[in-house]
file final_28.pdb (PDB, C-alpha atoms)
ATOM      1  CA  MET M1471       0.000   0.000   0.000  1.00  0.00           C
ATOM      2  CA  ASN M1472       1.219   3.497  -0.796  1.00  0.00           C
ATOM      3  CA  SER M1473       1.748   5.700   2.248  1.00  0.00           C
ATOM      4  CA  GLU M1474       2.725   9.248   3.161  1.00  0.00           C
ATOM      5  CA  LEU M1475       4.938  10.427   6.034  1.00  0.00           C
ATOM      6  CA  LYS M1476       3.092  12.592   8.589  1.00  0.00           C
ATOM      7  CA  LEU M1477       3.922  14.171  11.956  1.00  0.00           C
ATOM      8  CA  THR M1478       1.767  13.451  15.005  1.00  0.00           C
ATOM      9  CA  ASP M1479       1.232  15.754  17.987  1.00  0.00           C
ATOM     10  CA  ASP M1480       4.105  14.344  20.069  1.00  0.00           C
ATOM     11  CA  GLY M1481       6.563  15.063  17.257  1.00  0.00           C
ATOM     12  CA  SER M1482       6.834  11.458  16.073  1.00  0.00           C
ATOM     13  CA  HIS M1483       6.036  10.228  12.597  1.00  0.00           C
ATOM     14  CA  THR M1484       3.254   8.032  11.363  1.00  0.00           C
ATOM     15  CA  LEU M1485       2.291   6.885   7.888  1.00  0.00           C
ATOM     16  CA  PHE M1486      -0.991   7.827   6.222  1.00  0.00           C
ATOM     17  CA  VAL M1487      -2.514   5.409   3.708  1.00  0.00           C
ATOM     18  CA  PRO M1488      -4.738   7.297   1.208  1.00  0.00           C
ATOM     19  CA  GLU M1489      -6.164   4.045  -0.162  1.00  0.00           C
ATOM     20  CA  ILE M1490      -8.013   3.375   3.098  1.00  0.00           C
ATOM     21  CA  ASP M1491      -7.928   6.915   4.519  1.00  0.00           C
ATOM     22  CA  GLU M1492      -6.235   5.825   7.737  1.00  0.00           C
ATOM     23  CA  CYS M1493      -2.974   6.363   9.625  1.00  0.00           C
ATOM     24  CA  TYR M1494      -0.847   3.679  11.249  1.00  0.00           C
ATOM     25  CA  HIS M1495      -0.994   5.550  14.586  1.00  0.00           C
ATOM     26  CA  SER M1496      -3.003   8.114  16.502  1.00  0.00           C
ATOM     27  CA  SER M1497      -2.610  11.684  15.274  1.00  0.00           C
ATOM     28  CA  HIS M1498      -2.214  12.655  18.956  1.00  0.00           C
ATOM     29  CA  GLY M1499       1.175  10.926  19.131  1.00  0.00           C
ATOM     30  CA  ALA M1500       2.563   7.716  17.667  1.00  0.00           C
ATOM     31  CA  VAL M1501       5.297   7.032  20.242  1.00  0.00           C
ATOM     32  CA  GLN M1502       3.204   7.868  23.303  1.00  0.00           C
ATOM     33  CA  GLU M1503       0.361   5.701  21.967  1.00  0.00           C
ATOM     34  CA  SER M1504       2.584   2.668  21.352  1.00  0.00           C
ATOM     35  CA  ARG M1505       4.331   2.975  24.718  1.00  0.00           C
ATOM     36  CA  HIS M1506       1.057   3.296  26.614  1.00  0.00           C
ATOM     37  CA  ILE M1507      -0.871   0.482  24.910  1.00  0.00           C
ATOM     38  CA  PHE M1508       1.701  -2.114  23.964  1.00  0.00           C
ATOM     39  CA  ILE M1509       4.620  -1.645  26.358  1.00  0.00           C
ATOM     40  CA  GLU M1510       3.113  -0.372  29.624  1.00  0.00           C
ATOM     41  CA  ALA M1511      -0.278  -2.136  29.413  1.00  0.00           C
ATOM     42  CA  GLY M1512       1.046  -5.182  27.572  1.00  0.00           C
ATOM     43  CA  LEU M1513       4.684  -6.235  27.577  1.00  0.00           C
ATOM     44  CA  LYS M1514       5.519  -5.018  31.086  1.00  0.00           C
ATOM     45  CA  GLN M1515       2.671  -7.112  32.510  1.00  0.00           C
ATOM     46  CA  CYS M1516       4.516 -10.320  31.610  1.00  0.00           C
ATOM     47  CA  GLN M1517       6.807 -11.491  34.401  1.00  0.00           C
ATOM     48  CA  LYS M1518       8.665 -14.172  32.442  1.00  0.00           C
ATOM     49  CA  ASP M1519      12.391 -13.878  31.716  1.00  0.00           C
ATOM     50  CA  GLU M1520      11.873 -15.176  28.179  1.00  0.00           C
ATOM     51  CA  ILE M1521       8.848 -13.821  26.322  1.00  0.00           C
ATOM     52  CA  CYS M1522       7.236 -14.713  23.017  1.00  0.00           C
ATOM     53  CA  VAL M1523       5.472 -11.687  21.522  1.00  0.00           C
ATOM     54  CA  LEU M1524       3.053 -11.750  18.596  1.00  0.00           C
ATOM     55  CA  GLU M1525       2.444  -8.502  16.751  1.00  0.00           C
ATOM     56  CA  VAL M1526      -0.511  -8.375  14.393  1.00  0.00           C
ATOM     57  CA  GLY M1527       0.718  -5.835  11.846  1.00  0.00           C
ATOM     58  CA  PHE M1528       4.452  -4.995  11.880  1.00  0.00           C
ATOM     59  CA  GLY M1529       3.822  -1.692  10.081  1.00  0.00           C
ATOM     60  CA  THR M1530       6.350   1.020  10.876  1.00  0.00           C
ATOM     61  CA  GLY M1531       8.304  -1.161  13.303  1.00  0.00           C
ATOM     62  CA  LEU M1532       7.615   1.205  16.204  1.00  0.00           C
ATOM     63  CA  ASN M1533       6.134  -1.439  18.516  1.00  0.00           C
ATOM     64  CA  GLY M1534       9.002  -3.780  17.748  1.00  0.00           C
ATOM     65  CA  PHE M1535      11.575  -1.050  18.376  1.00  0.00           C
ATOM     66  CA  LEU M1536      10.055  -0.163  21.746  1.00  0.00           C
ATOM     67  CA  ALA M1537       9.870  -3.854  22.683  1.00  0.00           C
ATOM     68  CA  LEU M1538      13.551  -4.279  21.768  1.00  0.00           C
ATOM     69  CA  LEU M1539      14.518  -1.335  23.966  1.00  0.00           C
ATOM     70  CA  GLU M1540      12.447  -2.725  26.837  1.00  0.00           C
ATOM     71  CA  ALA M1541      14.167  -6.101  26.453  1.00  0.00           C
ATOM     72  CA  GLU M1542      17.566  -4.436  26.776  1.00  0.00           C
ATOM     73  CA  ARG M1543      16.416  -2.354  29.747  1.00  0.00           C
ATOM     74  CA  SER M1544      14.943  -5.313  31.620  1.00  0.00           C
ATOM     75  CA  GLY M1545      17.474  -7.959  30.579  1.00  0.00           C
ATOM     76  CA  LYS M1546      14.676 -10.222  29.396  1.00  0.00           C
ATOM     77  CA  LYS M1547      14.841 -12.143  26.124  1.00  0.00           C
ATOM     78  CA  ILE M1548      12.099 -11.492  23.600  1.00  0.00           C
ATOM     79  CA  HIS M1549      11.187 -13.657  20.633  1.00  0.00           C
ATOM     80  CA  TYR M1550       9.175 -11.277  18.464  1.00  0.00           C
ATOM     81  CA  ILE M1551       6.899 -12.654  15.748  1.00  0.00           C
ATOM     82  CA  ALA M1552       5.334 -10.039  13.464  1.00  0.00           C
ATOM     83  CA  LEU M1553       2.682 -10.851  10.862  1.00  0.00           C
ATOM     84  CA  GLU M1554       2.396  -8.357   8.031  1.00  0.00           C
ATOM     85  CA  LYS M1555       0.579  -8.606   4.705  1.00  0.00           C
ATOM     86  CA  TYR M1556       1.736  -5.246   3.340  1.00  0.00           C
ATOM     87  CA  PRO M1557       5.350  -4.509   4.392  1.00  0.00           C
ATOM     88  CA  VAL M1558       6.314  -0.837   4.462  1.00  0.00           C
ATOM     89  CA  ASP M1559       8.940   0.136   1.875  1.00  0.00           C
ATOM     90  CA  VAL M1560      12.354   0.060   3.531  1.00  0.00           C
ATOM     91  CA  GLU M1561      13.329   3.406   2.010  1.00  0.00           C
ATOM     92  CA  LYS M1562      10.312   5.031   3.649  1.00  0.00           C
ATOM     93  CA  ALA M1563      10.649   3.155   6.933  1.00  0.00           C
ATOM     94  CA  ILE M1564      14.181   4.400   7.637  1.00  0.00           C
ATOM     95  CA  LEU M1565      12.958   7.997   7.287  1.00  0.00           C
ATOM     96  CA  LEU M1566      10.768   7.544  10.377  1.00  0.00           C
ATOM     97  CA  ASN M1567      12.132   9.644  13.249  1.00  0.00           C
ATOM     98  CA  TYR M1568      11.626   7.193  16.136  1.00  0.00           C
ATOM     99  CA  PRO M1569      15.334   6.651  16.894  1.00  0.00           C
ATOM    100  CA  LYS M1570      15.988  10.401  16.892  1.00  0.00           C
ATOM    101  CA  LEU M1571      13.226  10.931  19.462  1.00  0.00           C
ATOM    102  CA  ILE M1572      13.805   7.838  21.590  1.00  0.00           C
ATOM    103  CA  ASP M1573      17.477   6.809  21.373  1.00  0.00           C
ATOM    104  CA  SER M1574      19.619   8.287  18.621  1.00  0.00           C
ATOM    105  CA  GLU M1575      22.328   5.685  19.173  1.00  0.00           C
ATOM    106  CA  LYS M1576      19.901   2.964  18.051  1.00  0.00           C
ATOM    107  CA  GLN M1577      19.349   4.223  14.478  1.00  0.00           C
ATOM    108  CA  ASP M1578      21.216   1.262  12.979  1.00  0.00           C
ATOM    109  CA  ILE M1579      19.210  -1.154  15.116  1.00  0.00           C
ATOM    110  CA  PHE M1580      15.932   0.409  13.979  1.00  0.00           C
ATOM    111  CA  ASN M1581      17.049   0.193  10.356  1.00  0.00           C
ATOM    112  CA  LEU M1582      17.918  -3.469  10.872  1.00  0.00           C
ATOM    113  CA  LEU M1583      14.354  -4.195  11.965  1.00  0.00           C
ATOM    114  CA  HIS M1584      13.276  -3.200   8.462  1.00  0.00           C
ATOM    115  CA  THR M1585      16.201  -4.455   6.394  1.00  0.00           C
ATOM    116  CA  SER M1586      16.447  -7.893   8.015  1.00  0.00           C
ATOM    117  CA  THR M1587      15.269 -10.907   6.041  1.00  0.00           C
ATOM    118  CA  TRP M1588      11.597 -11.828   6.051  1.00  0.00           C
ATOM    119  CA  ASN M1589      10.211 -15.256   6.939  1.00  0.00           C
ATOM    120  CA  GLU M1590      13.089 -16.430   9.127  1.00  0.00           C
ATOM    121  CA  PRO M1591      14.174 -15.643  12.711  1.00  0.00           C
ATOM    122  CA  ILE M1592      16.954 -13.050  12.921  1.00  0.00           C
ATOM    123  CA  GLU M1593      18.857 -12.186  16.110  1.00  0.00           C
ATOM    124  CA  ILE M1594      18.846  -8.381  16.198  1.00  0.00           C
ATOM    125  CA  THR M1595      20.494  -8.160  19.634  1.00  0.00           C
ATOM    126  CA  PRO M1596      21.334 -10.779  22.290  1.00  0.00           C
ATOM    127  CA  TYR M1597      18.005  -9.866  23.906  1.00  0.00           C
ATOM    128  CA  PHE M1598      15.778  -9.642  20.841  1.00  0.00           C
ATOM    129  CA  THR M1599      15.070 -12.074  18.006  1.00  0.00           C
ATOM    130  CA  LEU M1600      12.794 -10.881  15.199  1.00  0.00           C
ATOM    131  CA  HIS M1601      10.759 -13.168  12.960  1.00  0.00           C
ATOM    132  CA  LYS M1602       8.869 -11.096  10.391  1.00  0.00           C
ATOM    133  CA  ILE M1603       6.372 -13.180   8.433  1.00  0.00           C
ATOM    134  CA  GLU M1604       4.819 -11.810   5.258  1.00  0.00           C
ATOM    135  CA  THR M1605       1.366 -13.327   5.391  1.00  0.00           C
ATOM    136  CA  ASP M1606      -2.371 -12.742   5.605  1.00  0.00           C
ATOM    137  CA  PHE M1607      -3.172 -12.850   9.325  1.00  0.00           C
ATOM    138  CA  THR M1608      -6.582 -14.414   8.686  1.00  0.00           C
ATOM    139  CA  GLN M1609      -4.937 -17.348   6.889  1.00  0.00           C
ATOM    140  CA  TYR M1610      -2.002 -17.831   9.259  1.00  0.00           C
ATOM    141  CA  PHE M1611      -1.628 -21.044  11.268  1.00  0.00           C
ATOM    142  CA  HIS M1612      -0.419 -20.174  14.759  1.00  0.00           C
ATOM    143  CA  SER M1613       2.120 -22.751  15.901  1.00  0.00           C
ATOM    144  CA  GLN M1614       3.958 -20.745  18.579  1.00  0.00           C
ATOM    145  CA  PRO M1615       2.819 -20.312  22.203  1.00  0.00           C
ATOM    146  CA  TYR M1616       2.472 -16.563  22.819  1.00  0.00           C
ATOM    147  CA  ASP M1617       2.925 -14.694  26.101  1.00  0.00           C
ATOM    148  CA  VAL M1618       2.066 -11.199  24.839  1.00  0.00           C
ATOM    149  CA  VAL M1619       0.009 -10.098  21.838  1.00  0.00           C
ATOM    150  CA  PHE M1620       0.087  -6.633  20.270  1.00  0.00           C
ATOM    151  CA  PHE M1621      -3.143  -6.479  18.254  1.00  0.00           C
ATOM    152  CA  ASP M1622      -2.423  -3.487  16.044  1.00  0.00           C
ATOM    153  CA  ALA M1623      -4.302  -4.072  12.798  1.00  0.00           C
ATOM    154  CA  PHE M1624      -6.052  -1.255  10.959  1.00  0.00           C
ATOM    155  CA  SER M1625      -9.457  -0.379  12.409  1.00  0.00           C
ATOM    156  CA  PRO M1626     -12.481  -2.714  12.215  1.00  0.00           C
ATOM    157  CA  GLU M1627     -14.074  -0.313   9.727  1.00  0.00           C
ATOM    158  CA  LYS M1628     -11.151  -0.891   7.352  1.00  0.00           C
ATOM    159  CA  GLN M1629     -10.287  -4.538   8.101  1.00  0.00           C
ATOM    160  CA  THR M1630     -13.406  -6.107   9.573  1.00  0.00           C
ATOM    161  CA  GLU M1631     -12.199  -9.666   8.992  1.00  0.00           C
ATOM    162  CA  MET M1632      -9.216  -9.149  11.305  1.00  0.00           C
ATOM    163  CA  TRP M1633     -11.341  -8.456  14.368  1.00  0.00           C
ATOM    164  CA  SER M1634     -13.660 -11.476  14.360  1.00  0.00           C
ATOM    165  CA  VAL M1635     -14.314 -14.015  17.109  1.00  0.00           C
ATOM    166  CA  GLU M1636     -12.706 -16.607  14.844  1.00  0.00           C
ATOM    167  CA  GLN M1637      -9.416 -14.701  14.579  1.00  0.00           C
ATOM    168  CA  PHE M1638      -9.272 -13.823  18.285  1.00  0.00           C
ATOM    169  CA  GLY M1639     -10.072 -17.467  18.999  1.00  0.00           C
ATOM    170  CA  LYS M1640      -7.120 -18.686  16.927  1.00  0.00           C
ATOM    171  CA  VAL M1641      -4.828 -16.361  18.862  1.00  0.00           C
ATOM    172  CA  TYR M1642      -6.360 -17.372  22.203  1.00  0.00           C
ATOM    173  CA  GLU M1643      -5.762 -21.067  21.534  1.00  0.00           C
ATOM    174  CA  SER M1644      -2.108 -20.312  20.776  1.00  0.00           C
ATOM    175  CA  CYS M1645      -1.550 -18.282  23.943  1.00  0.00           C
ATOM    176  CA  ASN M1646       0.005 -19.582  27.133  1.00  0.00           C
ATOM    177  CA  PHE M1647      -2.078 -19.239  30.290  1.00  0.00           C
ATOM    178  CA  GLY M1648      -1.562 -15.765  31.703  1.00  0.00           C
ATOM    179  CA  ALA M1649      -0.876 -14.285  28.259  1.00  0.00           C
ATOM    180  CA  VAL M1650      -1.823 -10.639  27.729  1.00  0.00           C
ATOM    181  CA  LEU M1651      -3.384  -9.134  24.583  1.00  0.00           C
ATOM    182  CA  THR M1652      -3.646  -5.377  24.206  1.00  0.00           C
ATOM    183  CA  THR M1653      -5.245  -3.264  21.493  1.00  0.00           C
ATOM    184  CA  TYR M1654      -5.998   0.379  20.861  1.00  0.00           C
ATOM    185  CA  CYS M1655      -9.559  -0.410  19.758  1.00  0.00           C
ATOM    186  CA  ALA M1656     -12.160  -0.272  22.539  1.00  0.00           C
ATOM    187  CA  LYS M1657     -15.296  -0.762  20.442  1.00  0.00           C
ATOM    188  CA  GLY M1658     -18.010  -2.922  21.959  1.00  0.00           C
ATOM    189  CA  MET M1659     -17.911  -5.375  19.057  1.00  0.00           C
ATOM    190  CA  VAL M1660     -14.179  -5.926  19.610  1.00  0.00           C
ATOM    191  CA  ARG M1661     -14.584  -6.382  23.372  1.00  0.00           C
ATOM    192  CA  ARG M1662     -17.361  -8.932  22.791  1.00  0.00           C
ATOM    193  CA  ALA M1663     -15.312 -10.785  20.163  1.00  0.00           C
ATOM    194  CA  MET M1664     -12.363 -11.037  22.566  1.00  0.00           C
ATOM    195  CA  GLN M1665     -14.623 -12.261  25.360  1.00  0.00           C
ATOM    196  CA  ASP M1666     -16.379 -14.794  23.136  1.00  0.00           C
ATOM    197  CA  ALA M1667     -12.947 -16.091  22.115  1.00  0.00           C
ATOM    198  CA  GLY M1668     -12.149 -16.770  25.781  1.00  0.00           C
ATOM    199  CA  PHE M1669     -10.197 -13.721  26.960  1.00  0.00           C
ATOM    200  CA  LYS M1670     -10.995 -12.032  30.254  1.00  0.00           C
ATOM    201  CA  VAL M1671     -11.283  -8.425  29.066  1.00  0.00           C
ATOM    202  CA  GLU M1672     -10.905  -5.116  30.876  1.00  0.00           C
ATOM    203  CA  ARG M1673     -11.119  -1.516  29.757  1.00  0.00           C
ATOM    204  CA  LEU M1674      -8.133   0.657  30.656  1.00  0.00           C
ATOM    205  CA  PRO M1675      -7.531   4.411  30.357  1.00  0.00           C
ATOM    206  CA  GLY M1676      -6.148   5.272  26.947  1.00  0.00           C
ATOM    207  CA  PRO M1677      -3.211   7.465  25.912  1.00  0.00           C
ATOM    208  CA  PRO M1678      -3.726  11.209  25.277  1.00  0.00           C
ATOM    209  CA  GLY M1679      -6.559  11.710  22.825  1.00  0.00           C
ATOM    210  CA  LYS M1680      -8.126   8.291  23.476  1.00  0.00           C
ATOM    211  CA  ARG M1681     -10.488   7.541  26.337  1.00  0.00           C
ATOM    212  CA  GLU M1682     -10.080   3.765  26.623  1.00  0.00           C
ATOM    213  CA  ILE M1683      -8.152   0.750  25.351  1.00  0.00           C
ATOM    214  CA  LEU M1684      -8.723  -2.982  25.839  1.00  0.00           C
ATOM    215  CA  ARG M1685      -6.616  -5.617  27.533  1.00  0.00           C
ATOM    216  CA  GLY M1686      -7.415  -9.305  27.456  1.00  0.00           C
ATOM    217  CA  VAL M1687      -5.871 -12.062  29.579  1.00  0.00           C
ATOM    218  CA  LYS M1688      -5.992 -15.813  29.069  1.00  0.00           C
ATOM    219  CA  ALA M1689      -6.845 -16.842  32.591  1.00  0.00           C
ATOM    220  CA  PRO M1690      -5.700 -20.253  33.941  1.00  0.00           C
TER     221      PRO M1690
END
call {"tool": "encode", "arguments": {"input": "final_28.pdb", "output": "structure tokens"}}
result
Amino acid sequence: MNSELKLTDDGSHTLFVPEIDECYHSSHGAVQESRHIFIEAGLKQCQKDEICVLEVGFGTGLNGFLALLEAERSGKKIHYIALEKYPVDVEKAILLNYPKLIDSEKQDIFNLLHTSTWNEPIEITPYFTLHKIETDFTQYFHSQPYDVVFFDAFSPEKQTEMWSVEQFGKVYESCNFGAVLTTYCAKGMVRRAMQDAGFKVERLPGPPGKREILRGVKAP
């Protein structure tokens, strides 16, 4: 999909996709949104020393970059599996200003997230292994046991098929007990789909510009 570079309110970039009239992140701030939803409400809730993360939609690589930095900070090892049907052009991805805003010394690491080979696990750092898979999420067979899920697909209005009970159910069955799934979308239909799939769901305060987000847990 063609995309255009745009600034959000916290000074970080996002990409706008004219074809579906939607951005990859909140216009109120890409970095603050990703940190709030996927790192603070998601990844940091997992107490394991070795964590398997599933990201639904690799996109700009921002969630992966923040997860990598958290792995280095905490000393935990993360196996990061990202499913993406429409990879962002590498030339455009490396223009994104996330390293400049977050950690300028990690520019090469951020670039490597995008330039590394698809469809095979790549050790990016001793703490972070990336496995980008170019695939249609709705057709993917989940064979890994997940501890954390970043559900970051485009909105249900744009990709209805991604947010179904069936798809949440496939993820649920592949999750370890205690696994956490977070998403920016707090619509009632999404909450009900997560619950019907088996997740115990709670509403949490959202980042600036968003009232609520959802977090699901696979209870023992």
call {"tool": "residues_around", "arguments": {"input": "final_28.pdb", "residues": "segment 1586-1597 of chain M", "least_positions_apart": "5", "cutoff": "12 Å", "atoms": "all atoms listed in the file", "output": "VMD selection string"}}
result
chain M and resid 1519 to 1522 1528 1531 1534 to 1535 1537 to 1555 1557 1560 1576 1578 to 1581 1602 to 1605
call {"tool": "write_last_selection", "arguments": {"input": "final_28.pdb", "atoms": "C-alpha atoms", "output": "PDB file, in the coordinates of the input"}}
result
ATOM      1  CA  ASP M1519      12.391 -13.878  31.716  1.00  0.00           C
ATOM      2  CA  GLU M1520      11.873 -15.176  28.179  1.00  0.00           C
ATOM      3  CA  ILE M1521       8.848 -13.821  26.322  1.00  0.00           C
ATOM      4  CA  CYS M1522       7.236 -14.713  23.017  1.00  0.00           C
ATOM      5  CA  PHE M1528       4.452  -4.995  11.880  1.00  0.00           C
ATOM      6  CA  GLY M1531       8.304  -1.161  13.303  1.00  0.00           C
ATOM      7  CA  GLY M1534       9.002  -3.780  17.748  1.00  0.00           C
ATOM      8  CA  PHE M1535      11.575  -1.050  18.376  1.00  0.00           C
ATOM      9  CA  ALA M1537       9.870  -3.854  22.683  1.00  0.00           C
ATOM     10  CA  LEU M1538      13.551  -4.279  21.768  1.00  0.00           C
ATOM     11  CA  LEU M1539      14.518  -1.335  23.966  1.00  0.00           C
ATOM     12  CA  GLU M1540      12.447  -2.725  26.837  1.00  0.00           C
ATOM     13  CA  ALA M1541      14.167  -6.101  26.453  1.00  0.00           C
ATOM     14  CA  GLU M1542      17.566  -4.436  26.776  1.00  0.00           C
ATOM     15  CA  ARG M1543      16.416  -2.354  29.747  1.00  0.00           C
ATOM     16  CA  SER M1544      14.943  -5.313  31.620  1.00  0.00           C
ATOM     17  CA  GLY M1545      17.474  -7.959  30.579  1.00  0.00           C
ATOM     18  CA  LYS M1546      14.676 -10.222  29.396  1.00  0.00           C
ATOM     19  CA  LYS M1547      14.841 -12.143  26.124  1.00  0.00           C
ATOM     20  CA  ILE M1548      12.099 -11.492  23.600  1.00  0.00           C
ATOM     21  CA  HIS M1549      11.187 -13.657  20.633  1.00  0.00           C
ATOM     22  CA  TYR M1550       9.175 -11.277  18.464  1.00  0.00           C
ATOM     23  CA  ILE M1551       6.899 -12.654  15.748  1.00  0.00           C
ATOM     24  CA  ALA M1552       5.334 -10.039  13.464  1.00  0.00           C
ATOM     25  CA  LEU M1553       2.682 -10.851  10.862  1.00  0.00           C
ATOM     26  CA  GLU M1554       2.396  -8.357   8.031  1.00  0.00           C
ATOM     27  CA  LYS M1555       0.579  -8.606   4.705  1.00  0.00           C
ATOM     28  CA  PRO M1557       5.350  -4.509   4.392  1.00  0.00           C
ATOM     29  CA  VAL M1560      12.354   0.060   3.531  1.00  0.00           C
ATOM     30  CA  LYS M1576      19.901   2.964  18.051  1.00  0.00           C
ATOM     31  CA  ASP M1578      21.216   1.262  12.979  1.00  0.00           C
ATOM     32  CA  ILE M1579      19.210  -1.154  15.116  1.00  0.00           C
ATOM     33  CA  PHE M1580      15.932   0.409  13.979  1.00  0.00           C
ATOM     34  CA  ASN M1581      17.049   0.193  10.356  1.00  0.00           C
ATOM     35  CA  LYS M1602       8.869 -11.096  10.391  1.00  0.00           C
ATOM     36  CA  ILE M1603       6.372 -13.180   8.433  1.00  0.00           C
ATOM     37  CA  GLU M1604       4.819 -11.810   5.258  1.00  0.00           C
ATOM     38  CA  THR M1605       1.366 -13.327   5.391  1.00  0.00           C
TER      39      THR M1605
END
call {"tool": "closest_residue", "arguments": {"input": "final_28.pdb", "among": "M:Gly1639, M:Pro1626, M:Gly1648, M:Gly1527", "to": "Ala1667 of chain M", "atoms": "all atoms listed in the file"}}
result
M:Gly1639
call {"tool": "closest_residue", "arguments": {"input": "final_28.pdb", "among": "M:Glu1627, M:Ile1564, M:Glu1525, M:Met1659", "to": "Ile1490 of chain M", "atoms": "all atoms listed in the file"}}
result
M:Glu1627
call {"tool": "closest_residue", "arguments": {"input": "final_28.pdb", "among": "M:Ala1656, M:Leu1565, M:Cys1493, M:Ala1689", "to": "Gly1529 of chain M", "atoms": "all atoms listed in the file"}}
result
M:Cys1493
call {"tool": "residues_around", "arguments": {"input": "final_28.pdb", "residues": "Arg1662 of chain M", "least_positions_apart": "4", "cutoff": "9 Å", "atoms": "all atoms listed in the file", "output": "NGL selection string"}}
result
:M and (1635 or 1657-1658 or 1666-1667 or 1671)
call {"tool": "atom_distance", "arguments": {"input": "final_28.pdb", "atom1": "atom CA of Met1664 of chain M", "atom2": "atom CA of Asp1491 of chain M"}}
result
25.8 Å
call {"tool": "closest_residue", "arguments": {"input": "final_28.pdb", "among": "M:Leu1536, M:Ala1511, M:Val1618, M:Met1471", "to": "Glu1492 of chain M", "atoms": "all atoms listed in the file"}}
result
M:Met1471
call {"tool": "closest_residue", "arguments": {"input": "final_28.pdb", "among": "M:Pro1569, M:Pro1488, M:Pro1615, M:Pro1677", "to": "Glu1510 of chain M", "atoms": "only C-alpha atoms"}}
result
M:Pro1677
call {"tool": "resolve_selection", "arguments": {"input": "final_28.pdb", "expression": "the PyMOL selection byres ((chain M and resi 1570-1573) around 9)", "output": "list of chain:residue names"}}
result
M:Gly1481, M:Ser1482, M:Val1501, M:Leu1536, M:Leu1566, M:Asn1567, M:Tyr1568, M:Pro1569, M:Ser1574, M:Glu1575, M:Lys1576, M:Gln1577
call {"tool": "atom_distance", "arguments": {"input": "final_28.pdb", "atom1": "atom CA of Lys1562 of chain M", "atom2": "atom CA of Asp1622 of chain M"}}
result
19.7 Å
call {"tool": "residues_around", "arguments": {"input": "final_28.pdb", "residues": "Cys1645 of chain M", "least_positions_apart": "3", "cutoff": "10 Å", "atoms": "all atoms listed in the file", "output": "list in words"}}
result
Cys1522, Val1523, Leu1524, His1612, Ser1613, Gln1614, Pro1615, Tyr1616, Asp1617, Val1618, Val1619, Gly1639, Lys1640, Val1641, Tyr1642, Gly1648, Ala1649, Val1650, Leu1651, Val1687 and Lys1688 of chain M
call {"tool": "atom_distance", "arguments": {"input": "final_28.pdb", "atom1": "atom CA of Val1487 of chain M", "atom2": "atom CA of Gly1686 of chain M"}}
result
28.4 Å
call {"tool": "resolve_selection", "arguments": {"input": "final_28.pdb", "expression": "the PyMOL selection byres ((chain M and resi 1497) around 8)", "output": "list in words"}}
result
Leu1477, Thr1478, Asp1479, Thr1484, Cys1493, His1495, Ser1496, His1498, Gly1499 and Ala1500 of chain M
call {"tool": "resolve_selection", "arguments": {"input": "final_28.pdb", "expression": "the PyMOL selection byres ((chain M and resi 1675) around 12)", "output": "list in words"}}
result
Glu1503, His1506, Ile1507, Glu1510, Ala1511, Thr1653, Tyr1654, Cys1655, Ala1656, Glu1672, Arg1673, Leu1674, Gly1676, Pro1677, Pro1678, Gly1679, Lys1680, Arg1681, Glu1682, Ile1683, Leu1684 and Arg1685 of chain M
call {"tool": "closest_residue", "arguments": {"input": "final_28.pdb", "among": "M:Phe1647, M:Phe1669, M:Phe1638, M:Phe1624", "to": "Phe1486 of chain M", "atoms": "all atoms listed in the file"}}
result
M:Phe1624
call {"tool": "decode", "arguments": {"input": "final_28.pdb", "residues": "segment 1660-1685 of chain M", "atoms": "C-alpha atoms", "output": "PDB file, in the first residue's frame"}}
result
ATOM      1  CA  VAL M1660     -14.179  -5.926  19.610  1.00  0.00           C
ATOM      2  CA  ARG M1661     -14.584  -6.382  23.372  1.00  0.00           C
ATOM      3  CA  ARG M1662     -17.361  -8.932  22.791  1.00  0.00           C
ATOM      4  CA  ALA M1663     -15.312 -10.785  20.163  1.00  0.00           C
ATOM      5  CA  MET M1664     -12.363 -11.037  22.566  1.00  0.00           C
ATOM      6  CA  GLN M1665     -14.623 -12.261  25.360  1.00  0.00           C
ATOM      7  CA  ASP M1666     -16.379 -14.794  23.136  1.00  0.00           C
ATOM      8  CA  ALA M1667     -12.947 -16.091  22.115  1.00  0.00           C
ATOM      9  CA  GLY M1668     -12.149 -16.770  25.781  1.00  0.00           C
ATOM     10  CA  PHE M1669     -10.197 -13.721  26.960  1.00  0.00           C
ATOM     11  CA  LYS M1670     -10.995 -12.032  30.254  1.00  0.00           C
ATOM     12  CA  VAL M1671     -11.283  -8.425  29.066  1.00  0.00           C
ATOM     13  CA  GLU M1672     -10.905  -5.116  30.876  1.00  0.00           C
ATOM     14  CA  ARG M1673     -11.119  -1.516  29.757  1.00  0.00           C
ATOM     15  CA  LEU M1674      -8.133   0.657  30.656  1.00  0.00           C
ATOM     16  CA  PRO M1675      -7.531   4.411  30.357  1.00  0.00           C
ATOM     17  CA  GLY M1676      -6.148   5.272  26.947  1.00  0.00           C
ATOM     18  CA  PRO M1677      -3.211   7.465  25.912  1.00  0.00           C
ATOM     19  CA  PRO M1678      -3.726  11.209  25.277  1.00  0.00           C
ATOM     20  CA  GLY M1679      -6.559  11.710  22.825  1.00  0.00           C
ATOM     21  CA  LYS M1680      -8.126   8.291  23.476  1.00  0.00           C
ATOM     22  CA  ARG M1681     -10.488   7.541  26.337  1.00  0.00           C
ATOM     23  CA  GLU M1682     -10.080   3.765  26.623  1.00  0.00           C
ATOM     24  CA  ILE M1683      -8.152   0.750  25.351  1.00  0.00           C
ATOM     25  CA  LEU M1684      -8.723  -2.982  25.839  1.00  0.00           C
ATOM     26  CA  ARG M1685      -6.616  -5.617  27.533  1.00  0.00           C
TER      27      ARG M1685
END
